[in-house]
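*Asks:* Contents of run.cif (mmCIF, C-alpha atoms):
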data_upload
#
loop_
_atom_site.group_PDB
_atom_site.id
_atom_site.type_symbol
_atom_site.label_atom_id
_atom_site.label_comp_id
_atom_site.auth_asym_id
_atom_site.auth_seq_id
_atom_site.Cartn_x
_atom_site.Cartn_y
_atom_site.Cartn_z
ATOM 1 C CA MET A 1 2.810 -4.661 -26.619
ATOM 2 C CA ARG A 2 4.516 -3.435 -23.451
ATOM 3 C CA LYS A 3 3.109 -0.330 -21.779
ATOM 4 C CA PRO A 4 5.845 2.324 -21.543
ATOM 5 C CA ARG A 5 6.986 2.771 -17.963
ATOM 6 C CA ILE A 6 6.225 6.100 -16.286
ATOM 7 C CA GLN A 7 9.481 7.782 -15.313
ATOM 8 C CA VAL A 8 10.253 11.303 -14.119
ATOM 9 C CA ALA A 9 13.559 12.921 -13.247
ATOM 10 C CA GLY A 10 14.280 12.511 -9.545
ATOM 11 C CA GLY A 11 11.193 10.321 -9.077
ATOM 12 C CA ILE A 12 10.139 8.119 -6.150
ATOM 13 C CA TYR A 13 8.790 4.649 -6.972
ATOM 14 C CA HIS A 14 7.020 1.769 -5.262
ATOM 15 C CA CYS A 15 8.432 -1.282 -7.039
ATOM 16 C CA ILE A 16 7.158 -4.861 -6.838
ATOM 17 C CA SER A 17 8.475 -8.076 -8.365
ATOM 18 C CA ARG A 18 7.299 -11.663 -7.887
ATOM 19 C CA ILE A 19 8.811 -15.122 -8.253
ATOM 20 C CA THR A 20 7.654 -16.930 -11.388
ATOM 21 C CA GLY A 21 4.709 -19.240 -10.980
ATOM 22 C CA GLY A 22 3.970 -17.885 -7.511
ATOM 23 C CA ARG A 23 6.562 -20.250 -6.042
ATOM 24 C CA TYR A 24 7.666 -19.699 -2.435
ATOM 25 C CA TRP A 25 11.385 -19.999 -3.138
ATOM 26 C CA LEU A 26 12.856 -17.215 -1.043
ATOM 27 C CA LYS A 27 13.863 -18.676 2.318
ATOM 28 C CA ASP A 28 15.965 -16.914 4.956
ATOM 29 C CA THR A 29 19.331 -17.476 3.255
ATOM 30 C CA CYS A 30 17.925 -16.078 0.010
ATOM 31 C CA LYS A 31 16.401 -13.081 1.770
ATOM 32 C CA GLY A 32 19.705 -12.299 3.441
ATOM 33 C CA MET A 33 21.524 -12.407 0.114
ATOM 34 C CA TRP A 34 18.842 -10.258 -1.535
ATOM 35 C CA CYS A 35 19.193 -7.621 1.206
ATOM 36 C CA ASP A 36 22.972 -7.651 0.756
ATOM 37 C CA GLN A 37 22.609 -7.259 -3.009
ATOM 38 C CA LEU A 38 20.067 -4.478 -2.490
ATOM 39 C CA ARG A 39 22.582 -2.408 -0.517
ATOM 40 C CA ARG A 40 25.364 -2.966 -3.028
ATOM 41 C CA VAL A 41 23.249 -2.208 -6.080
ATOM 42 C CA SER A 42 21.609 0.864 -4.521
ATOM 43 C CA GLN A 43 25.016 2.343 -3.707
ATOM 44 C CA PHE A 44 26.291 1.540 -7.197
ATOM 45 C CA CYS A 45 23.271 3.067 -8.945
ATOM 46 C CA GLY A 46 22.983 5.986 -6.531
ATOM 47 C CA VAL A 47 19.386 5.048 -5.662
ATOM 48 C CA GLU A 48 18.126 5.841 -2.148
ATOM 49 C CA VAL A 49 16.209 2.956 -0.536
ATOM 50 C CA LEU A 50 13.475 4.430 1.665
ATOM 51 C CA THR A 51 12.094 1.087 2.852
ATOM 52 C CA TYR A 52 11.659 -2.479 1.615
ATOM 53 C CA VAL A 53 10.388 -5.942 2.436
ATOM 54 C CA ILE A 54 11.163 -9.325 0.917
ATOM 55 C CA LEU A 55 8.823 -12.269 1.482
ATOM 56 C CA ASP A 56 8.908 -15.879 0.277
ATOM 57 C CA ASN A 57 7.606 -15.105 -3.203
ATOM 58 C CA HIS A 58 7.947 -11.351 -3.857
ATOM 59 C CA PHE A 59 9.465 -8.080 -2.729
ATOM 60 C CA HIS A 60 8.429 -4.444 -2.334
ATOM 61 C CA LEU A 61 10.747 -1.441 -2.593
ATOM 62 C CA LEU A 62 10.202 2.267 -2.022
ATOM 63 C CA VAL A 63 13.107 4.104 -3.643
ATOM 64 C CA ARG A 64 14.136 7.596 -4.674
ATOM 65 C CA VAL A 65 16.038 7.912 -7.967
ATOM 66 C CA PRO A 66 18.375 10.933 -8.055
ATOM 67 C CA LEU A 67 18.383 13.586 -10.718
ATOM 68 C CA PRO A 68 20.848 12.550 -13.442
ATOM 69 C CA ARG A 69 24.270 14.128 -13.170
ATOM 70 C CA LYS A 70 27.766 13.476 -14.449
ATOM 71 C CA LEU A 71 29.885 11.628 -11.901
ATOM 72 C CA SER A 72 33.598 12.116 -11.364
ATOM 73 C CA ASP A 73 35.997 9.250 -12.005
ATOM 74 C CA ARG A 74 36.518 8.954 -8.256
ATOM 75 C CA GLU A 75 32.758 8.565 -7.687
ATOM 76 C CA LEU A 76 32.538 5.965 -10.446
ATOM 77 C CA VAL A 77 35.320 3.914 -8.862
ATOM 78 C CA GLU A 78 33.789 4.135 -5.373
ATOM 79 C CA ARG A 79 30.431 2.999 -6.691
ATOM 80 C CA TYR A 80 32.065 0.151 -8.588
ATOM 81 C CA ARG A 81 33.844 -0.864 -5.396
ATOM 82 C CA ALA A 82 30.502 -0.903 -3.537
ATOM 83 C CA LEU A 83 29.128 -3.312 -6.129
ATOM 84 C CA TYR A 84 32.208 -5.565 -6.091
ATOM 85 C CA PRO A 85 33.670 -5.292 -2.552
ATOM 86 C CA HIS A 86 35.361 -8.693 -2.848
ATOM 87 C CA ARG A 87 36.917 -8.046 -6.275
ATOM 88 C CA PRO A 88 39.716 -5.514 -5.578
ATOM 89 C CA LYS A 89 41.679 -6.520 -8.673
ATOM 90 C CA MET A 90 38.720 -5.808 -10.947
ATOM 91 C CA VAL A 91 38.088 -2.465 -9.229
ATOM 92 C CA LYS A 92 41.760 -1.562 -9.661
ATOM 93 C CA GLU A 93 41.568 -2.322 -13.375
ATOM 94 C CA VAL A 94 38.609 0.030 -13.767
ATOM 95 C CA GLU A 95 40.424 2.743 -11.836
ATOM 96 C CA GLU A 96 43.558 2.408 -13.964
ATOM 97 C CA LYS A 97 41.603 2.420 -17.226
ATOM 98 C CA LEU A 98 39.840 5.644 -16.224
ATOM 99 C CA GLN A 99 43.164 7.230 -15.283
ATOM 100 C CA GLU A 100 44.671 6.370 -18.674
ATOM 101 C CA GLY A 101 42.157 8.617 -20.441
ATOM 102 C CA GLY A 102 41.430 8.477 -24.136
ATOM 103 C CA ALA A 103 38.598 6.812 -26.052
ATOM 104 C CA GLN A 104 38.560 3.616 -23.986
ATOM 105 C CA ALA A 105 38.248 5.554 -20.732
ATOM 106 C CA GLU A 106 35.396 7.649 -22.141
ATOM 107 C CA ASP A 107 33.613 4.517 -23.364
ATOM 108 C CA LEU A 108 33.931 2.996 -19.878
ATOM 109 C CA ARG A 109 32.495 6.153 -18.299
ATOM 110 C CA LEU A 110 29.524 6.048 -20.632
ATOM 111 C CA ARG A 111 28.875 2.369 -19.923
ATOM 112 C CA LEU A 112 29.030 2.889 -16.155
ATOM 113 C CA HIS A 113 26.786 5.945 -16.273
ATOM 114 C CA ALA A 114 24.259 3.989 -18.344
ATOM 115 C CA ARG A 115 23.857 1.534 -15.436
ATOM 116 C CA MET A 116 23.193 4.261 -12.859
ATOM 117 C CA GLN A 117 20.566 6.839 -11.849
ATOM 118 C CA ASP A 118 17.702 5.001 -13.544
ATOM 119 C CA ILE A 119 14.898 2.914 -12.014
ATOM 120 C CA SER A 120 14.888 0.296 -14.780
ATOM 121 C CA GLN A 121 18.654 -0.197 -14.641
ATOM 122 C CA PHE A 122 18.549 -0.406 -10.845
ATOM 123 C CA LEU A 123 15.923 -3.191 -10.823
ATOM 124 C CA LYS A 124 17.595 -4.949 -13.735
ATOM 125 C CA GLU A 125 20.923 -4.969 -11.891
ATOM 126 C CA LEU A 126 19.348 -6.164 -8.635
ATOM 127 C CA LYS A 127 17.228 -8.930 -10.139
ATOM 128 C CA GLN A 128 19.904 -10.228 -12.485
ATOM 129 C CA ARG A 129 22.603 -10.363 -9.818
ATOM 130 C CA PHE A 130 20.297 -12.154 -7.395
ATOM 131 C CA THR A 131 19.213 -14.597 -10.124
ATOM 132 C CA VAL A 132 22.818 -15.548 -10.851
ATOM 133 C CA TRP A 133 23.433 -16.253 -7.157
ATOM 134 C CA PHE A 134 20.121 -18.101 -6.707
ATOM 135 C CA ASN A 135 20.648 -20.373 -9.712
ATOM 136 C CA ALA A 136 24.224 -21.203 -8.663
ATOM 137 C CA HIS A 137 23.085 -21.877 -5.080
ATOM 138 C CA HIS A 138 20.197 -24.139 -6.129
ATOM 139 C CA LYS A 139 21.745 -25.601 -9.299
ATOM 140 C CA LEU A 140 19.054 -24.118 -11.530
ATOM 141 C CA PHE A 141 19.073 -22.013 -14.696
ATOM 142 C CA GLY A 142 16.900 -19.392 -16.348
ATOM 143 C CA THR A 143 14.895 -16.526 -14.920
ATOM 144 C CA ILE A 144 13.253 -16.821 -11.500
ATOM 145 C CA TRP A 145 11.179 -13.620 -11.801
ATOM 146 C CA ASP A 146 7.675 -13.331 -13.213
ATOM 147 C CA GLY A 147 8.122 -10.878 -16.062
ATOM 148 C CA ARG A 148 8.591 -7.135 -15.639
ATOM 149 C CA PHE A 149 8.641 -5.470 -12.264
ATOM 150 C CA LYS A 150 5.820 -3.083 -11.386
ATOM 151 C CA SER A 151 6.746 0.515 -10.712
ATOM 152 C CA ILE A 152 4.300 3.035 -9.273
ATOM 153 C CA LEU A 153 5.247 6.710 -9.306
ATOM 154 C CA VAL A 154 4.881 8.223 -5.812
ATOM 155 C CA GLU A 155 4.635 11.912 -4.985
ATOM 156 C CA ASP A 156 7.336 13.316 -2.681
ATOM 157 C CA ASN A 157 4.781 14.292 -0.063
ATOM 158 C CA ALA A 158 5.045 13.367 3.638
ATOM 159 C CA SER A 159 1.501 12.009 3.903
ATOM 160 C CA VAL A 160 1.762 9.975 0.699
ATOM 161 C CA LEU A 161 5.257 8.641 1.431
ATOM 162 C CA ARG A 162 4.475 7.429 4.943
ATOM 163 C CA THR A 163 1.275 5.752 3.703
ATOM 164 C CA VAL A 164 3.116 3.784 1.000
ATOM 165 C CA ALA A 165 5.989 2.972 3.405
ATOM 166 C CA ALA A 166 3.546 1.729 6.062
ATOM 167 C CA TYR A 167 1.797 -0.460 3.491
ATOM 168 C CA ILE A 168 5.156 -2.014 2.597
ATOM 169 C CA ASP A 169 6.262 -2.465 6.228
ATOM 170 C CA LEU A 170 2.936 -4.152 7.095
ATOM 171 C CA ASN A 171 3.366 -6.931 4.517
ATOM 172 C CA PRO A 172 4.679 -9.470 7.093
ATOM 173 C CA LEU A 173 1.601 -8.875 9.257
ATOM 174 C CA ARG A 174 -0.637 -9.168 6.232
ATOM 175 C CA ALA A 175 0.919 -12.610 5.708
ATOM 176 C CA SER A 176 0.504 -13.461 9.442
ATOM 177 C CA LEU A 177 4.254 -14.015 9.887
ATOM 178 C CA VAL A 178 4.848 -11.781 12.929
ATOM 179 C CA LYS A 179 2.954 -9.758 15.524
ATOM 180 C CA LYS A 180 4.899 -6.537 14.902
ATOM 181 C CA PRO A 181 6.491 -5.325 11.652
ATOM 182 C CA GLU A 182 9.838 -4.589 13.300
ATOM 183 C CA ALA A 183 9.999 -8.263 14.357
ATOM 184 C CA TYR A 184 10.284 -9.360 10.708
ATOM 185 C CA ARG A 185 14.005 -9.384 9.986
ATOM 186 C CA TRP A 186 13.866 -8.831 6.234
ATOM 187 C CA CYS A 187 12.340 -5.360 6.011
ATOM 188 C CA GLY A 188 13.499 -1.752 6.214
ATOM 189 C CA MET A 189 11.701 -1.055 9.485
ATOM 190 C CA ALA A 190 13.390 -3.975 11.252
ATOM 191 C CA ALA A 191 16.800 -3.072 9.827
ATOM 192 C CA ALA A 192 16.398 0.508 11.059
ATOM 193 C CA HIS A 193 15.447 -0.661 14.553
ATOM 194 C CA ARG A 194 18.539 -2.914 14.563
ATOM 195 C CA GLY A 195 20.720 0.144 13.925
ATOM 196 C CA ASP A 196 21.324 -0.020 10.160
ATOM 197 C CA PRO A 197 22.232 3.613 9.298
ATOM 198 C CA LEU A 198 21.028 3.369 5.690
ATOM 199 C CA ALA A 199 17.648 1.978 6.751
ATOM 200 C CA GLN A 200 17.371 4.682 9.386
ATOM 201 C CA ALA A 201 18.192 7.370 6.820
ATOM 202 C CA GLY A 202 15.430 5.996 4.591
ATOM 203 C CA ILE A 203 12.802 6.306 7.313
ATOM 204 C CA VAL A 204 14.039 9.784 8.243
ATOM 205 C CA SER A 205 13.506 10.760 4.604
ATOM 206 C CA VAL A 206 10.047 9.172 4.502
ATOM 207 C CA MET A 207 8.920 10.933 7.674
ATOM 208 C CA LYS A 208 10.580 14.254 6.765
ATOM 209 C CA SER A 209 12.144 14.228 10.236
ATOM 210 C CA LYS A 210 15.248 15.980 11.535
ATOM 211 C CA ASP A 211 16.890 12.810 12.895
ATOM 212 C CA TRP A 212 16.383 9.096 13.548
ATOM 213 C CA SER A 213 15.083 9.424 17.102
ATOM 214 C CA GLU A 214 12.246 11.670 15.933
ATOM 215 C CA ALA A 215 11.558 9.585 12.828
ATOM 216 C CA LYS A 216 11.533 6.302 14.779
ATOM 217 C CA LEU A 217 8.747 7.390 17.122
ATOM 218 C CA ASN A 218 6.609 9.050 14.448
ATOM 219 C CA HIS A 219 7.066 6.237 11.947
ATOM 220 C CA GLN A 220 6.328 3.478 14.450
ATOM 221 C CA ARG A 221 3.223 5.241 15.696
ATOM 222 C CA PHE A 222 1.943 5.728 12.154
ATOM 223 C CA VAL A 223 2.646 2.115 11.120
ATOM 224 C CA TYR A 224 0.958 0.752 14.233
ATOM 225 C CA GLU A 225 -1.977 3.080 13.740
ATOM 226 C CA ALA A 226 -2.289 2.142 10.071
ATOM 227 C CA GLY A 227 -2.026 -1.567 10.852
ATOM 228 C CA MET A 228 -4.450 -1.968 13.723
ATOM 229 C CA ARG A 229 -7.439 -4.235 13.413
ATOM 230 C CA GLN A 230 -9.051 -6.817 15.654
ATOM 231 C CA VAL A 231 -8.824 -10.308 14.137
ATOM 232 C CA LYS A 232 -10.115 -13.095 16.362
ATOM 233 C CA ASP A 233 -8.888 -16.030 14.300
ATOM 234 C CA ARG A 234 -5.535 -14.556 13.159
ATOM 235 C CA ALA A 235 -3.701 -13.211 16.178
ATOM 236 C CA HIS A 236 -0.515 -12.567 14.228
ATOM 237 C CA ALA A 237 -2.299 -9.985 12.080
ATOM 238 C CA THR A 238 -3.203 -7.745 14.996
ATOM 239 C CA ILE A 239 -1.112 -4.904 16.418
ATOM 240 C CA ASN A 240 -1.840 -4.034 20.018
ATOM 241 C CA PRO A 241 -2.343 -0.241 20.233
ATOM 242 C CA ASP A 242 -1.393 -0.306 23.922
ATOM 243 C CA ASP A 243 2.196 -1.154 22.953
ATOM 244 C CA ILE A 244 2.927 2.481 22.075
ATOM 245 C CA GLY A 245 -0.131 4.271 23.358
ATOM 246 C CA VAL A 246 -1.917 4.713 20.035
ATOM 247 C CA GLU A 247 -5.551 5.632 20.490
ATOM 248 C CA LYS A 248 -6.870 5.445 16.938
ATOM 249 C CA THR A 249 -8.705 2.197 16.102
ATOM 250 C CA THR A 250 -9.821 2.681 12.493
ATOM 251 C CA PRO A 251 -8.875 -0.378 10.368
ATOM 252 C CA CYS A 252 -6.603 0.539 7.489
ATOM 253 C CA LEU A 253 -3.466 -0.653 5.730
ATOM 254 C CA ILE A 254 -3.305 -4.137 7.269
ATOM 255 C CA ASN A 255 -5.687 -5.061 4.444
ATOM 256 C CA LYS A 256 -4.430 -5.293 0.896
ATOM 257 C CA GLN A 257 -4.997 -2.079 -1.055
ATOM 258 C CA LYS A 258 -4.883 -2.563 -4.825
ATOM 259 C CA TRP A 259 -4.400 1.126 -5.461
ATOM 260 C CA LEU A 260 -1.108 0.944 -3.505
ATOM 261 C CA SER A 261 0.249 -2.053 -5.399
ATOM 262 C CA GLU A 262 -1.350 -2.075 -8.849
ATOM 263 C CA GLY A 263 -1.732 1.571 -9.830
ATOM 264 C CA TRP A 264 0.369 3.828 -12.031
ATOM 265 C CA MET A 265 0.810 6.810 -9.712
ATOM 266 C CA ILE A 266 0.068 7.791 -6.122
ATOM 267 C CA GLY A 267 -0.205 11.383 -4.967
ATOM 268 C CA SER A 268 -2.356 14.502 -4.945
ATOM 269 C CA ARG A 269 -4.857 15.012 -7.737
ATOM 270 C CA ASP A 270 -2.682 17.735 -9.256
ATOM 271 C CA PHE A 271 0.385 15.477 -9.161
ATOM 272 C CA VAL A 272 -1.392 12.535 -10.778
ATOM 273 C CA ARG A 273 -3.190 14.515 -13.449
ATOM 274 C CA ARG A 274 -0.110 16.529 -14.375
ATOM 275 C CA ASN A 275 2.120 13.461 -14.739
ATOM 276 C CA PHE A 276 -0.551 11.443 -16.493
ATOM 277 C CA GLN A 277 -1.105 14.235 -19.020
ATOM 278 C CA ASP A 278 2.646 14.287 -19.665
ATOM 279 C CA TYR A 279 2.575 10.500 -20.103
ATOM 280 C CA VAL A 280 -0.316 10.623 -22.583
ATOM 281 C CA ALA A 281 1.338 13.431 -24.538
ATOM 282 C CA LYS A 282 4.602 11.494 -24.771
ATOM 283 C CA PHE A 283 3.377 7.957 -25.476
ATOM 284 C CA THR A 284 -0.229 8.093 -26.658
ATOM 285 C CA ALA A 285 -0.492 11.275 -28.708
ATOM 286 C CA GLY A 286 -3.721 11.470 -30.651
ATOM 287 C CA VAL A 287 -5.606 9.048 -28.400
ATOM 288 C CA SER A 288 -9.034 10.366 -27.463
ATOM 289 C CA SER A 289 -9.442 11.305 -23.806
ATOM 290 C CA ASN A 290 -12.642 9.236 -23.659
ATOM 291 C CA ARG A 291 -10.446 6.132 -23.650
ATOM 292 C CA PHE A 292 -9.688 6.961 -20.015
ATOM 293 C CA LYS A 293 -12.179 6.857 -17.171
ATOM 294 C CA GLU A 294 -11.738 8.467 -13.772
ATOM 295 C CA GLU A 295 -13.288 6.662 -10.819
ATOM 296 C CA SER A 296 -13.594 7.577 -7.145
ATOM 297 C CA LEU A 297 -12.102 4.917 -4.867
ATOM 298 C CA GLN A 298 -12.726 6.545 -1.493
ATOM 299 C CA GLU A 299 -12.610 9.989 0.080
ATOM 300 C CA GLY A 300 -9.700 11.905 -1.418
ATOM 301 C CA VAL A 301 -8.732 9.048 -3.746
ATOM 302 C CA ILE A 302 -9.292 8.811 -7.494
ATOM 303 C CA ALA A 303 -8.506 6.094 -10.031
ATOM 304 C CA LEU A 304 -7.872 6.655 -13.715
ATOM 305 C CA ARG A 305 -8.403 3.616 -15.930
ATOM 306 C CA GLY A 306 -7.355 3.273 -19.559
ATOM 307 C CA ARG A 307 -9.340 0.952 -21.799
ATOM 308 C CA GLY A 308 -7.066 -1.655 -23.334
ATOM 309 C CA ARG A 309 -4.129 -0.548 -21.222
ATOM 310 C CA GLY A 310 -4.842 -2.211 -17.885
ATOM 311 C CA GLY A 311 -3.944 -0.878 -14.484
ATOM 312 C CA PHE A 312 -5.103 2.351 -12.916
ATOM 313 C CA VAL A 313 -3.782 5.576 -11.529
ATOM 314 C CA SER A 314 -4.621 6.578 -7.978
ATOM 315 C CA ALA A 315 -4.351 9.822 -6.081
ATOM 316 C CA THR A 316 -4.870 10.790 -2.468
ATOM 317 C CA GLU A 317 -5.370 14.302 -1.189
ATOM 318 C CA THR A 318 -5.602 13.292 2.460
ATOM 319 C CA ASN A 319 -3.801 11.011 4.847
ATOM 320 C CA VAL A 320 -5.154 7.553 4.053
ATOM 321 C CA GLY A 321 -6.640 5.939 7.131
#
Can you dump the structure from the file as structure tokens?
*Replies:*
Amino acid sequence: MRKPRIQVAGGIYHCISRITGGRYWLKDTCKGMWCDQLRRVSQFCGVEVLTYVILDNHFHLLVRVPLPRKLSDRELVERYRALYPHRPKMVKEVEEKLQEGGAQAEDLRLRLHARMQDISQFLKELKQRFTVWFNAHHKLFGTIWDGRFKSILVEDNASVLRTVAAYIDLNPLRASLVKKPEAYRWCGMAAAHRGDPLAQAGIVSVMKSKDWSEAKLNHQRFVYEAGMRQVKDRAHATINPDDIGVEKTTPCLINKQKWLSEGWMIGSRDFVRRNFQDYVAKFTAGVSSNRFKEESLQEGVIALRGRGRGGFVSATETNVG
């Protein structure tokens, strides 16, 4: 039985999805197409991409889903155009049908709204569209993704957001692909440093900064600081603190952290407990609280495990690392 996904209005999520069978299918051409599809689908769904990375066999996304609202016909058409920029005739047909009014126009509005402003619909749209392209490109058929995507609810807190974003941006170093995260082309940090305005806006939002110039410095310093460690036999996995004058040398997010990729929620204790209580009340009413066990992971971090449910919930009250 599938575990109901935790969703909150206007939530932020760390999403992960892997290629089936652990296959390393996603080469540079595929990554470029995935990034292109990501921008189109995010604009269509109205989801803000804070940062991302796509590797040979999986991807990570940090996204903010907006509060649901009714969109005007003009907004619906513009979003449809963003999803199908090379299909002007199809976009025109949608525009004309909406202008006609009546039952068919209202049905179209409902169907378009149903595909927007929702984390599940956003990932469904992204993965399905990429699968269609991938199968046509490689003459294959069927799904290429390994089951459901993971989604971890993240608190809208500066310390928490930058920690999760840094963990995502450090994936290429964790895989020993580059010496610096901004050198890996297929991630939000690199796109922002290349001048992509949407990627820059995402990092500004993560860092709670006033503009890109301020966010760039603060974000880079934090990522470098979080990713530093001395590795004698894996030079690619080491960031040189002298590159930007970082003094801190405590090892941190360069290592894989299960609580950042396999939990249910990340945030302050109050945030996690409040949302988990809401989740239990909604989906597991009547279940005894002794089915859940809270564990301490490290200073300021807790994990909440549910017997027979798998996974865990984590919370941090301090800046990790």
*Asks:* Show me the residues close to (20.8, 6.7, -6.9) - anything with an atom within 7 Å, counting all atoms listed in the file - and format the list as a PDB file with C-alpha atoms, in the coordinates of the input.
*Replies:*
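This went into selection_22.pdb:
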ATOM      1  CA  SER A  42      21.609   0.864  -4.521  1.00  0.00           C
ATOM      2  CA  GLN A  43      25.016   2.343  -3.707  1.00  0.00           C
ATOM      3  CA  CYS A  45      23.271   3.067  -8.945  1.00  0.00           C
ATOM      4  CA  GLY A  46      22.983   5.986  -6.531  1.00  0.00           C
ATOM      5  CA  VAL A  47      19.386   5.048  -5.662  1.00  0.00           C
ATOM      6  CA  GLU A  48      18.126   5.841  -2.148  1.00  0.00           C
ATOM      7  CA  VAL A  65      16.038   7.912  -7.967  1.00  0.00           C
ATOM      8  CA  PRO A  66      18.375  10.933  -8.055  1.00  0.00           C
ATOM      9  CA  MET A 116      23.193   4.261 -12.859  1.00  0.00           C
ATOM     10  CA  GLN A 117      20.566   6.839 -11.849  1.00  0.00           C
TER      11      GLN A 117
END
*Asks:* I'd like to know which of A:Asp211, A:Gln128, A:His193, A:Phe276 is closest to Thr143 (chain A), using only C-alpha atoms.
*Replies:*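 The closest residue to Thr143 (chain A) is A:Gln128.
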*Asks:* For the PyMOL selection byres ((chain A and resi 80) around 9), applied here, can you spell out every residue it catches as a PyMOL selection string?
*Replies:* chain A and resi 43-44+75-79+81-85+91+94+112
*Asks:* Where does the PyMOL selection byres ((chain A and resi 167) around 9) land in this file, that is, which residues does it pick, as a ChimeraX atom specification?
*Replies:* /A:162-166,168-171,223,226-227,253-257,260
*Asks:* I need the chosen residues saved as a compact mmCIF listing (two decimals), in the coordinates of the input, with C-alpha atoms.
*Replies:*
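Saved as again-v5.txt:
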# COMPACT_ATOMS: atom_id res chain seq x y z
CA ARG A 162 4.47 7.43 4.94
CA THR A 163 1.27 5.75 3.70
CA VAL A 164 3.12 3.78 1.00
CA ALA A 165 5.99 2.97 3.40
CA ALA A 166 3.55 1.73 6.06
CA ILE A 168 5.16 -2.01 2.60
CA ASP A 169 6.26 -2.46 6.23
CA LEU A 170 2.94 -4.15 7.10
CA ASN A 171 3.37 -6.93 4.52
CA VAL A 223 2.65 2.12 11.12
CA ALA A 226 -2.29 2.14 10.07
CA GLY A 227 -2.03 -1.57 10.85
CA LEU A 253 -3.47 -0.65 5.73
CA ILE A 254 -3.30 -4.14 7.27
CA ASN A 255 -5.69 -5.06 4.44
CA LYS A 256 -4.43 -5.29 0.90
CA GLN A 257 -5.00 -2.08 -1.06
CA LEU A 260 -1.11 0.94 -3.50
*Asks:* Considering all atoms listed in the file, return as a ChimeraX atom specification whatever protein or nucleic-acid residues lie within 10 Å of Asp28 (chain A), sequence-local ones (same chain, fewer than 4 positions apart) excluded.
*Replies:* /A:32-34,54-56,185-186
*Asks:* With a distance cut-off of 10 Å and only C-alpha atoms, select the neighbouring residues of Trp212 (chain A), excluding the residue or stretch itself and same-chain residues fewer than 2 positions from it, and output the selection as a list of chain:residue names.
*Replies:*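 Those residues are A:Ala192, A:His193, A:Gly195, A:Pro197, A:Ala199, A:Gln200, A:Ala201, A:Gly202, A:Ile203, A:Val204, A:Ser205, A:Met207, A:Ser209, A:Lys210, A:Glu214, A:Ala215, A:Lys216, A:Leu217, A:Asn218, A:His219.
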*Asks:* Find the residues around Leu61 (chain A) up to 9 Å (all atoms listed in the file counted), leave out those fewer than 3 positions away in its own chain, and share them as a PyMOL selection string.
*Replies:* chain A and resi 13-16+49-54+165+168
*Asks:* Rounded to one decimal, what separation in Å do you get between CA of Arg74 (chain A) and CA of Leu98 (chain A)?
*Replies:*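 Result for CA of Arg74 (chain A) versus CA of Leu98 (chain A): 9.2 Å, one decimal.
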*Asks:* For a test of reading the model, state the distance in Å between CA of Met265 (chain A) and CA of Gly147 (chain A), rounded to one decimal.
*Replies:*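 These atoms are spaced 20.2 Å apart.
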*Asks:* Select, from A:Lys92, A:Lys27, A:Lys127, A:His113, the residue with the minimum atom-to-atom distance to Arg69 (chain A), counting all atoms listed in the file.
*Replies:* A:His113
